[in-house]
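Undergrad: This is upload-v6.cif (mmCIF, C-alpha atoms).
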```
data_model
#
loop_
_atom_site.label_atom_id
_atom_site.label_comp_id
_atom_site.auth_asym_id
_atom_site.auth_seq_id
_atom_site.Cartn_x
_atom_site.Cartn_y
_atom_site.Cartn_z
CA MET A 1 139.24 122.58 80.88
CA THR A 2 137.56 125.97 80.64
CA GLY A 3 139.36 126.72 77.40
CA ALA A 4 138.28 123.41 75.87
CA LYS A 5 134.66 124.09 76.70
CA SER A 6 134.90 127.54 75.17
CA ASP A 7 136.41 126.13 71.95
CA LEU A 8 133.63 123.58 71.75
CA ASN A 9 130.88 126.12 72.26
CA SER A 10 132.24 128.32 69.50
CA ALA A 11 132.80 125.46 67.06
CA SER A 12 130.31 124.90 64.27
CA ILE A 13 128.44 121.61 64.62
CA PRO A 14 128.84 119.25 61.61
CA PRO A 15 125.51 118.68 59.83
CA ASP A 16 125.49 114.93 60.51
CA ILE A 17 125.88 115.48 64.27
CA ALA A 18 123.23 118.21 64.29
CA GLN A 19 120.81 115.85 62.53
CA GLU A 20 121.63 113.00 64.90
CA ALA A 21 121.04 115.24 67.91
CA ARG A 22 117.65 116.30 66.56
CA GLU A 23 116.64 112.66 66.03
CA LEU A 24 117.78 111.59 69.50
CA ALA A 25 116.14 114.58 71.19
CA ARG A 26 112.82 114.16 69.37
CA GLY A 27 109.93 114.05 71.83
CA SER A 28 112.09 114.84 74.87
CA GLU A 29 113.36 117.78 76.89
CA VAL A 30 117.16 117.98 76.98
CA LEU A 31 118.83 120.02 79.73
CA PRO A 32 120.74 122.18 79.29
CA GLY A 33 120.59 123.46 75.75
CA GLY A 34 118.07 121.18 74.06
CA ALA A 35 119.14 119.48 70.83
CA ASP A 36 122.00 121.99 70.48
CA GLY A 37 123.34 120.98 73.88
CA LEU A 38 123.16 117.32 72.87
CA ALA A 39 124.94 118.09 69.59
CA ARG A 40 127.80 119.71 71.49
CA LYS A 41 128.05 116.65 73.73
CA LEU A 42 128.08 114.37 70.67
CA LEU A 43 130.84 116.45 69.08
CA ALA A 44 132.87 116.32 72.30
CA VAL A 45 132.78 112.51 72.52
CA ARG A 46 133.59 112.22 68.81
CA ARG A 47 136.69 114.35 69.36
CA GLU A 48 137.65 112.08 72.24
CA GLY A 49 137.28 109.05 69.95
CA ARG A 50 134.69 107.26 72.09
CA LYS A 51 130.99 106.43 72.26
CA LEU A 52 128.50 108.56 74.13
CA ARG A 53 127.42 106.87 77.38
CA ALA A 54 123.63 107.00 77.79
CA LYS A 55 122.55 105.97 81.30
CA LEU A 56 119.28 104.67 82.65
CA GLY A 57 118.77 103.51 86.22
CA ILE A 58 115.84 101.22 87.04
CA ASP A 59 114.70 100.09 90.46
CA PRO A 60 113.06 96.66 90.15
CA THR A 61 110.08 97.04 92.48
CA SER A 62 107.54 94.66 90.90
CA CYS A 63 107.41 91.85 88.36
CA ASP A 64 105.69 93.67 85.50
CA LEU A 65 106.74 96.46 83.19
CA HIS A 66 104.18 98.45 81.22
CA LEU A 67 104.01 100.73 78.19
CA GLY A 68 104.83 103.74 80.37
CA HIS A 69 108.18 102.17 81.28
CA ALA A 70 108.78 101.26 77.65
CA VAL A 71 108.82 104.91 76.55
CA VAL A 72 112.33 105.41 77.88
CA PHE A 73 113.48 101.97 76.67
CA ARG A 74 112.51 102.92 73.13
CA GLN A 75 114.52 106.13 73.45
CA LEU A 76 117.52 104.09 74.59
CA ARG A 77 117.08 101.84 71.56
CA ARG A 78 117.55 104.91 69.36
CA PHE A 79 120.87 105.59 71.09
CA GLN A 80 121.87 102.00 70.31
CA GLU A 81 120.88 102.41 66.67
CA PHE A 82 123.20 105.44 66.42
CA GLY A 83 126.06 103.35 67.81
CA HIS A 84 126.23 104.75 71.34
CA GLN A 85 126.79 102.83 74.57
CA VAL A 86 123.68 102.25 76.68
CA VAL A 87 124.49 101.82 80.37
CA LEU A 88 121.70 100.14 82.31
CA ILE A 89 121.96 100.36 86.08
CA ILE A 90 119.94 97.85 88.08
CA GLY A 91 119.12 99.60 91.34
CA GLY A 92 119.98 96.70 93.59
CA PHE A 93 120.78 99.19 96.34
CA THR A 94 118.46 102.13 95.58
CA ALA A 95 115.42 99.86 95.20
CA GLN A 96 115.86 99.01 98.87
CA ILE A 97 115.54 102.74 99.71
CA GLY A 98 112.67 103.53 97.36
CA ASP A 99 112.45 106.54 95.04
CA PRO A 100 110.28 109.20 96.73
CA SER A 101 109.45 110.89 93.39
CA GLY A 102 105.71 111.49 93.07
CA ARG A 103 104.99 109.82 96.41
CA ASN A 104 103.11 111.19 99.39
CA THR A 105 104.18 108.23 101.53
CA THR A 106 107.44 106.41 102.18
CA ARG A 107 107.89 103.42 99.88
CA PRO A 108 108.06 100.01 101.58
CA SER A 109 111.54 98.51 101.77
CA LEU A 110 112.41 95.50 99.61
CA SER A 111 114.79 92.68 100.39
CA ARG A 112 117.85 91.98 98.28
CA GLU A 113 116.25 88.72 97.13
CA GLN A 114 113.06 90.47 96.00
CA VAL A 115 115.04 93.03 94.02
CA ALA A 116 117.11 90.32 92.31
CA ALA A 117 114.00 88.37 91.29
CA PHE A 118 112.26 91.48 89.97
CA ALA A 119 115.42 92.52 88.08
CA GLN A 120 115.46 89.29 86.10
CA THR A 121 111.83 89.69 85.04
CA TYR A 122 112.57 93.29 83.99
CA LEU A 123 115.46 92.19 81.80
CA ASP A 124 113.38 89.44 80.21
CA GLN A 125 110.78 92.02 79.20
CA MET A 126 113.24 94.75 78.17
CA GLY A 127 114.94 92.32 75.80
CA VAL A 128 111.99 92.73 73.43
CA ILE A 129 113.02 96.38 72.92
CA LEU A 130 116.74 96.66 73.67
CA ASP A 131 119.66 94.68 72.30
CA LEU A 132 120.79 93.45 75.71
CA GLU A 133 123.98 91.95 74.29
CA LYS A 134 125.20 95.47 73.57
CA VAL A 135 124.04 96.94 76.90
CA GLU A 136 126.56 97.63 79.66
CA LEU A 137 124.68 96.11 82.59
CA VAL A 138 125.74 97.04 86.13
CA ASN A 139 124.24 96.98 89.63
CA ASN A 140 124.61 99.98 91.94
CA SER A 141 125.00 97.66 94.93
CA ASP A 142 128.55 97.21 93.66
CA TRP A 143 129.51 100.77 94.64
CA LEU A 144 126.77 102.04 96.95
CA GLY A 145 126.74 98.84 99.00
CA THR A 146 130.48 99.02 99.70
CA MET A 147 130.58 102.64 100.89
CA THR A 148 131.83 103.30 104.40
CA PHE A 149 130.14 105.78 106.68
CA SER A 150 133.03 108.12 105.97
CA ASP A 151 132.29 107.84 102.21
CA VAL A 152 128.62 108.64 102.85
CA LEU A 153 129.52 111.72 104.91
CA LYS A 154 131.86 112.92 102.17
CA LEU A 155 129.14 112.49 99.56
CA SER A 156 126.50 114.22 101.65
CA SER A 157 128.83 117.16 102.31
CA LEU A 158 128.59 118.09 98.62
CA VAL A 159 124.95 119.21 98.96
CA THR A 160 122.88 121.04 101.53
CA ALA A 161 119.74 119.87 103.29
CA ASN A 162 118.01 122.89 101.75
CA GLN A 163 118.81 121.59 98.26
CA LEU A 164 117.46 118.12 98.97
CA LEU A 165 114.32 119.37 100.71
CA ALA A 166 113.59 121.46 97.61
CA LYS A 167 112.55 118.21 95.90
CA GLU A 168 108.84 118.57 95.15
CA ALA A 169 107.83 115.29 96.79
CA PHE A 170 109.49 116.33 100.05
CA GLY A 171 108.09 119.87 100.00
CA GLU A 172 104.52 118.67 99.50
CA ARG A 173 104.77 116.21 102.35
CA LEU A 174 106.28 118.75 104.71
CA ASP A 175 103.55 121.26 103.84
CA LYS A 176 100.94 118.64 104.74
CA GLN A 177 102.88 117.65 107.88
CA LEU A 178 103.40 114.15 106.50
CA PRO A 179 106.56 112.25 107.48
CA VAL A 180 109.71 112.26 105.35
CA GLY A 181 112.10 109.43 106.16
CA PHE A 182 115.67 110.62 106.63
CA HIS A 183 116.88 107.76 104.42
CA GLU A 184 114.74 109.15 101.57
CA LEU A 185 116.90 112.28 101.46
CA PHE A 186 119.77 110.08 100.33
CA TYR A 187 117.94 108.73 97.30
CA PRO A 188 118.73 111.69 94.96
CA LEU A 189 122.33 111.57 96.19
CA ALA A 190 122.57 107.84 95.50
CA GLN A 191 121.12 108.23 91.99
CA GLY A 192 123.44 111.16 91.35
CA TYR A 193 126.45 109.15 92.46
CA ASP A 194 125.44 106.40 90.01
CA SER A 195 126.23 108.89 87.22
CA VAL A 196 129.69 109.42 88.73
CA ALA A 197 130.30 105.67 89.00
CA VAL A 198 129.49 104.97 85.33
CA ARG A 199 130.82 108.29 83.97
CA ALA A 200 127.50 109.10 82.26
CA ASP A 201 127.29 111.63 79.41
CA VAL A 202 123.50 111.73 79.37
CA GLU A 203 120.89 110.29 81.71
CA LEU A 204 117.38 109.43 80.58
CA GLY A 205 114.22 109.40 82.67
CA GLY A 206 110.65 110.59 82.92
CA THR A 207 109.84 114.21 83.70
CA ASP A 208 109.28 113.14 87.32
CA GLN A 209 113.02 112.35 87.48
CA ARG A 210 114.15 115.93 86.79
CA PHE A 211 115.42 116.58 90.33
CA ASN A 212 117.26 113.27 90.64
CA ILE A 213 118.93 113.50 87.22
CA LEU A 214 120.04 117.09 87.76
CA GLN A 215 121.57 115.94 91.05
CA GLY A 216 123.95 113.84 88.97
CA ARG A 217 124.99 116.98 87.06
CA GLU A 218 125.72 118.66 90.38
CA LEU A 219 127.92 115.84 91.69
CA GLN A 220 130.02 114.96 88.64
CA PRO A 221 132.22 118.11 88.61
CA HIS A 222 133.21 117.34 92.24
CA TYR A 223 134.72 114.10 90.92
CA GLY A 224 136.51 115.68 87.94
CA GLN A 225 133.84 114.77 85.36
CA GLU A 226 131.94 116.85 82.83
CA PRO A 227 128.30 117.14 83.96
CA GLN A 228 125.86 114.86 82.17
CA LEU A 229 122.92 116.06 80.14
CA ALA A 230 119.38 115.31 81.35
CA MET A 231 117.00 113.83 78.78
CA LEU A 232 113.45 113.97 80.18
CA LEU A 233 110.65 112.07 78.48
CA PRO A 234 106.94 112.73 78.94
CA LEU A 235 104.99 110.52 81.31
CA LEU A 236 102.38 108.38 79.61
CA GLU A 237 98.84 108.63 80.93
CA GLY A 238 97.12 105.34 81.60
CA THR A 239 93.99 103.97 79.99
CA ASP A 240 91.88 106.25 82.20
CA GLY A 241 93.45 109.28 80.49
CA VAL A 242 93.99 111.04 83.83
CA GLN A 243 96.68 109.49 86.04
CA LYS A 244 100.10 108.45 84.80
CA MET A 245 100.23 104.80 83.81
CA SER A 246 100.77 102.75 86.96
CA LYS A 247 99.84 99.42 88.50
CA SER A 248 98.77 101.40 91.56
CA TYR A 249 96.01 103.08 89.53
CA ASP A 250 95.09 99.88 87.62
CA ASN A 251 95.28 101.84 84.35
CA TYR A 252 98.29 100.11 82.83
CA ILE A 253 99.01 97.99 79.77
CA ALA A 254 101.63 95.44 80.84
CA LEU A 255 104.29 94.21 78.43
CA LYS A 256 103.37 90.69 79.56
CA ASP A 257 99.63 91.15 78.94
CA THR A 258 98.02 88.59 76.67
CA PRO A 259 97.48 89.83 73.10
CA ALA A 260 93.73 90.05 73.69
CA ASP A 261 94.12 92.05 76.91
CA MET A 262 96.74 94.33 75.34
CA PHE A 263 94.53 94.98 72.32
CA GLY A 264 91.42 95.56 74.41
CA LYS A 265 93.14 97.97 76.80
CA CYS A 266 94.52 100.01 73.89
CA MET A 267 91.00 100.34 72.50
CA ARG A 268 89.87 101.86 75.82
CA ILE A 269 92.19 104.88 75.85
CA PRO A 270 90.56 108.32 75.42
CA ASP A 271 90.50 109.61 71.85
CA GLU A 272 92.68 112.60 72.71
CA LEU A 273 95.58 110.31 73.66
CA ILE A 274 95.72 108.36 70.39
CA VAL A 275 98.49 110.44 68.79
CA LYS A 276 100.53 110.59 72.00
CA TYR A 277 100.38 106.80 72.33
CA LEU A 278 101.40 106.40 68.69
CA GLU A 279 104.39 108.69 69.24
CA LEU A 280 105.55 107.27 72.57
CA THR A 281 104.73 103.58 72.39
CA THR A 282 105.13 102.49 68.76
CA THR A 283 107.86 102.30 66.15
CA LEU A 284 105.71 103.83 63.43
CA PRO A 285 107.60 106.48 61.41
CA GLY A 286 106.71 110.09 62.06
CA THR A 287 105.25 110.51 58.58
CA GLU A 288 102.71 107.75 59.21
CA ILE A 289 101.77 109.17 62.60
CA ASP A 290 101.34 112.61 61.03
CA LYS A 291 99.00 111.06 58.45
CA ILE A 292 96.83 109.47 61.17
CA LYS A 293 96.82 112.74 63.10
CA ASP A 294 95.71 114.65 60.00
CA GLU A 295 92.90 112.16 59.36
CA LEU A 296 91.65 112.52 62.95
CA GLU A 297 91.70 116.32 62.70
CA HIS A 298 89.60 116.13 59.54
CA GLY A 299 86.83 113.92 60.86
CA GLY A 300 88.43 110.48 60.78
CA ASN A 301 86.99 107.75 62.99
CA PRO A 302 89.01 107.49 66.26
CA LYS A 303 88.10 103.79 66.47
CA ASP A 304 90.00 103.08 63.23
CA ALA A 305 93.05 104.90 64.59
CA LYS A 306 92.86 102.92 67.83
CA VAL A 307 92.73 99.66 65.88
CA GLN A 308 95.95 100.73 64.11
CA LEU A 309 97.51 101.63 67.46
CA ALA A 310 96.43 98.42 69.19
CA SER A 311 97.57 96.27 66.25
CA GLN A 312 100.97 97.97 66.20
CA ILE A 313 101.53 97.51 69.94
CA VAL A 314 100.51 93.84 69.91
CA LEU A 315 102.74 93.32 66.86
CA GLN A 316 105.72 94.78 68.72
CA TYR A 317 105.38 92.48 71.72
CA HIS A 318 103.74 89.36 70.27
CA GLY A 319 104.34 89.34 66.50
CA GLY A 320 102.38 90.12 63.35
CA SER A 321 100.22 87.02 63.06
CA VAL A 322 99.16 87.29 66.71
CA ALA A 323 98.32 90.97 66.22
CA ALA A 324 96.02 90.08 63.32
CA GLU A 325 94.29 87.41 65.41
CA ALA A 326 93.84 89.83 68.34
CA SER A 327 92.29 92.40 66.00
CA GLU A 328 89.89 89.87 64.49
CA GLU A 329 88.93 88.60 67.94
CA TRP A 330 88.25 92.12 69.24
CA GLN A 331 86.12 92.93 66.21
CA ARG A 332 84.27 89.64 66.67
CA ILE A 333 83.46 90.29 70.31
CA HIS A 334 82.90 94.04 70.35
CA SER A 335 81.64 94.88 66.90
CA GLN A 336 79.52 91.76 66.41
CA ARG A 337 78.86 91.11 70.11
CA LEU A 338 80.02 87.48 69.86
CA ALA A 339 81.73 85.52 72.61
CA PRO A 340 85.33 84.34 72.22
CA ASP A 341 85.95 80.73 71.25
CA ASP A 342 88.13 80.00 74.26
CA MET A 343 86.64 80.86 77.66
CA PRO A 344 86.68 79.28 81.13
CA LEU A 345 83.97 76.82 82.10
CA HIS A 346 81.99 77.17 85.32
CA VAL A 347 79.66 74.49 86.64
CA VAL A 348 76.22 75.61 87.85
CA PRO A 349 74.79 72.61 89.76
CA SER A 350 71.31 74.04 90.41
CA PRO A 351 69.34 77.29 90.03
CA VAL A 352 71.45 80.01 91.61
CA GLN A 353 71.34 83.80 91.81
CA LEU A 354 73.23 85.59 89.03
CA PHE A 355 75.37 87.71 91.34
CA ARG A 356 76.55 84.57 93.17
CA VAL A 357 77.53 82.90 89.88
CA MET A 358 79.63 85.96 88.96
CA VAL A 359 81.53 85.77 92.26
CA GLU A 360 82.00 82.00 92.17
CA ALA A 361 83.23 82.16 88.55
CA LYS A 362 85.76 84.80 89.68
CA LEU A 363 84.48 87.37 87.19
CA VAL A 364 84.14 89.95 89.98
CA ALA A 365 85.83 90.49 93.31
CA SER A 366 82.74 90.77 95.51
CA SER A 367 78.98 90.38 95.70
CA SER A 368 78.50 94.14 95.91
CA GLU A 369 80.51 94.66 92.70
CA ALA A 370 78.46 91.94 90.98
CA LYS A 371 75.14 93.53 91.98
CA ARG A 372 76.29 96.97 90.86
CA LEU A 373 77.43 95.73 87.44
CA VAL A 374 74.17 93.88 86.86
CA GLN A 375 72.07 96.90 87.82
CA GLU A 376 74.17 99.12 85.52
CA GLY A 377 73.45 96.85 82.56
CA GLY A 378 76.96 95.48 82.24
CA VAL A 379 76.04 91.78 82.42
CA ARG A 380 74.62 89.52 79.68
CA LEU A 381 73.47 85.92 79.48
CA ASP A 382 73.77 84.55 75.94
CA GLY A 383 74.01 88.10 74.66
CA GLN A 384 70.91 89.40 76.45
CA PRO A 385 71.30 92.05 79.19
CA VAL A 386 70.06 91.08 82.66
CA LYS A 387 69.20 93.81 85.17
CA ASP A 388 68.23 91.73 88.21
CA PRO A 389 71.17 90.55 90.38
CA ASN A 390 68.90 87.89 91.89
CA HIS A 391 67.98 86.43 88.50
CA GLN A 392 67.96 82.64 88.82
CA VAL A 393 70.49 81.06 86.49
CA VAL A 394 69.40 77.63 85.26
CA VAL A 395 71.49 75.76 82.70
CA THR A 396 69.53 73.27 80.58
CA ASP A 397 71.13 73.63 77.13
CA ALA A 398 73.82 71.02 76.45
CA GLY A 399 76.10 73.78 75.10
CA GLY A 400 75.79 75.82 78.27
CA VAL A 401 75.11 79.53 78.71
CA VAL A 402 77.58 82.31 77.99
CA LEU A 403 77.93 84.77 80.85
CA GLN A 404 79.51 88.12 79.86
CA VAL A 405 80.60 90.68 82.46
CA GLY A 406 81.64 94.03 81.03
CA ARG A 407 83.35 93.96 77.66
CA ARG A 408 86.10 91.42 78.11
CA LYS A 409 85.14 88.88 80.80
CA PHE A 410 83.38 85.70 79.74
CA ALA A 411 82.55 82.30 81.18
CA ARG A 412 80.59 79.38 79.79
CA LEU A 413 78.13 78.13 82.41
CA VAL A 414 77.50 74.40 82.22
CA ALA A 415 75.40 71.92 84.17
CA ASN A 416 76.88 69.02 86.09
#
```
Any chance you could give the structure as structure tokens?

TA:
Amino acid sequence: MTGAKSDLNSASIPPDIAQEARELARGSEVLPGGADGLARKLLAVRREGRKLRAKLGIDPTSCDLHLGHAVVFRQLRRFQEFGHQVVLIIGGFTAQIGDPSGRNTTRPSLSREQVAAFAQTYLDQMGVILDLEKVELVNNSDWLGTMTFSDVLKLSSLVTANQLLAKEAFGERLDKQLPVGFHELFYPLAQGYDSVAVRADVELGGTDQRFNILQGRELQPHYGQEPQLAMLLPLLEGTDGVQKMSKSYDNYIALKDTPADMFGKCMRIPDELIVKYLELTTTLPGTEIDKIKDELEHGGNPKDAKVQLASQIVLQYHGGSVAAEASEEWQRIHSQRLAPDDMPLHVVPSPVQLFRVMVEAKLVASSSEAKRLVQEGGVRLDGQPVKDPNHQVVVTDAGGVVLQVGRRKFARLVAN
């Protein structure tokens, strides 16, 4: 085996493989060896007369995927386009443990039924990006769930507690004297063993998955396999431009968002993230992205670039005609300050304080939030700002009154 590896390292890489490796590695960090390391792996599988096996493990822990998740799905799509085998592991077992990456608390446990339901919604959404008919779909409950205690002890004997505790999430919690569940220590081992079970050549994940993915490289040689490569993709910041995109931070753009919501959220991202979003979330060719980047650097209007970004994203998930409608609607509401044609109706039976109407129409979560928004100037009645939360709302016009809260929430107030 050593001799074979030496021959491979010294061999010249064919130009077509070198180019393919550069395309697949674009925008990611490949360990070890970067694009050259990936080229050597591609040459090795070609010599063996098989497809490269690109693995992704996902733990279904909610019902919605967002653009941050889609970054890695798009990278997997590129592997499919080059004819490689994508192996998608549903974490039916690991989702019940909970990945401790980036967490300062232990994740809540999920039932097997919850995981199965979430997994189906994930697949429904991923089908927009990946060709699921060509995906090798497996569930790690099939091998992790059948392990005996003896199997677990054998697996855990291949690493030390010191190695596992070196994981950043564990170290930070221990430094702050926060609890670390013993079961959490097994998560990197379980994910690493997934790579053994599917004989992965390369595993994809966000940069926060570095430790877990490298654990797979550590385990594979113990089972007579060549260690996989790690392909790490940047984490996408959310619409706030600070935290990574997450439902927990309420800064996400869900793949199931309505076209209007998706478009509006894209328009809210900070200007400095426009190019990164174009690169990580769209299928625009690099030459077109470079053109937009050059225009921005030479005084171009960021709003125009965001409209291109938002239109492209809505197109990808909802289609071209819908994207055009979403763009026109956004321009209508935000550039011309007009209300949308379709909005919920709310009956106002008698004069009532504005902040109460906002709560009853479910445009805000609480009275205190309503009062704050009104005082900050974020509330309009028929296009006119109102600064008094106790303003008496009286509906006399047969067409009703349009109540606008913030940029995107509307309701038509009508009398009985």

Undergrad: Can you pull out every residue within 10 Å of Leu65 (chain A), counting all atoms listed in the file, but drop anything in the same chain fewer than 2 positions away, and send it as a PyMOL selection string?

TA: chain A and resi 60-63+67-70+121-123+125-126+246-247+252-257

Undergrad: Calculated over all atoms listed in the file, which of the candidates A:Glu133, A:Asp124, A:Asp208, A:Asp142 has the smallest distance to Ala169 (chain A)?

TA: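 With all atoms listed in the file as the atom set, the closest residue is A:Asp208.
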
Undergrad: Which residue gives the smallest distance to Val86 (chain A) among A:Ala54, A:Leu189, A:Leu130, A:Val364, with all atoms listed in the file counted?

TA: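 Under the stated criterion, the closest residue is A:Ala54.
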
Undergrad: Suppose you want the space between CA of Leu165 (chain A) and CA of Met231 (chain A); what is it in Å?

TA: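 Here the two named atoms are 22.8 Å from each other.
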
Undergrad: For a cutoff of 10 Å around the file-coordinate point (120.6, 98.3, 92.6), which residues qualify once you count only C-alpha atoms? I'd like the result as JSON, numbers by chain.

TA: {"A": [57, 58, 59, 60, 89, 90, 91, 92, 93, 94, 95, 96, 97, 112, 115, 116, 119, 138, 139, 140, 141, 142, 143, 144, 145, 191, 194]}

Undergrad: Would you compute the distance between CA of Gly383 (chain A) and CA of Glu328 (chain A)? Give it in Å to one decimal.

TA: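 If I compute the distance from CA of Gly383 (chain A) to CA of Glu328 (chain A), I get 18.9 Å.
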
Undergrad: Neighbours of Arg372 (chain A) within 12 Å (only C-alpha atoms; same-chain residues fewer than 6 positions away dropped), as an MDAnalysis selection string?

TA: chainID A and resid 354:355 358 364:366 378:379 386:390 405:406

Undergrad: Find, counting only C-alpha atoms, the residue in A:Ser327, A:Asn301, A:Ser350, A:Thr282 that gets nearest to Phe263 (chain A).

TA: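 Using only C-alpha atoms, the shortest distance to Phe263 (chain A) belongs to A:Ser327.
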
Undergrad: Work out how far apart CA of Phe186 (chain A) and CA of Ser28 (chain A) are and give it in Å to one decimal.

TA: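 About the pair CA of Phe186 (chain A) and CA of Ser28 (chain A): they are 27.0 Å apart.
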
Undergrad: I need every residue sitting at most 12 Å from the point (88.0, 87.7, 87.6) (coordinates as in the file, only C-alpha atoms considered), written as a list in words.

TA: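 The distance filter leaves exactly Pro344, Val357, Met358, Val359, Glu360, Ala361, Lys362, Leu363, Val364, Ala365, Ser366, Glu369, Ala370, Gln404, Val405, Gly406, Arg408, Lys409, Phe410 and Ala411 of chain A.
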
Undergrad: My list of candidates is A:Arg50, A:Arg356, A:Arg77, A:Arg407. Which is closest to Gly377 (chain A) when distances are computed with all atoms listed in the file?

TA: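 Nearest candidate to Gly377 (chain A) out of A:Arg50, A:Arg356, A:Arg77, A:Arg407: A:Arg407.
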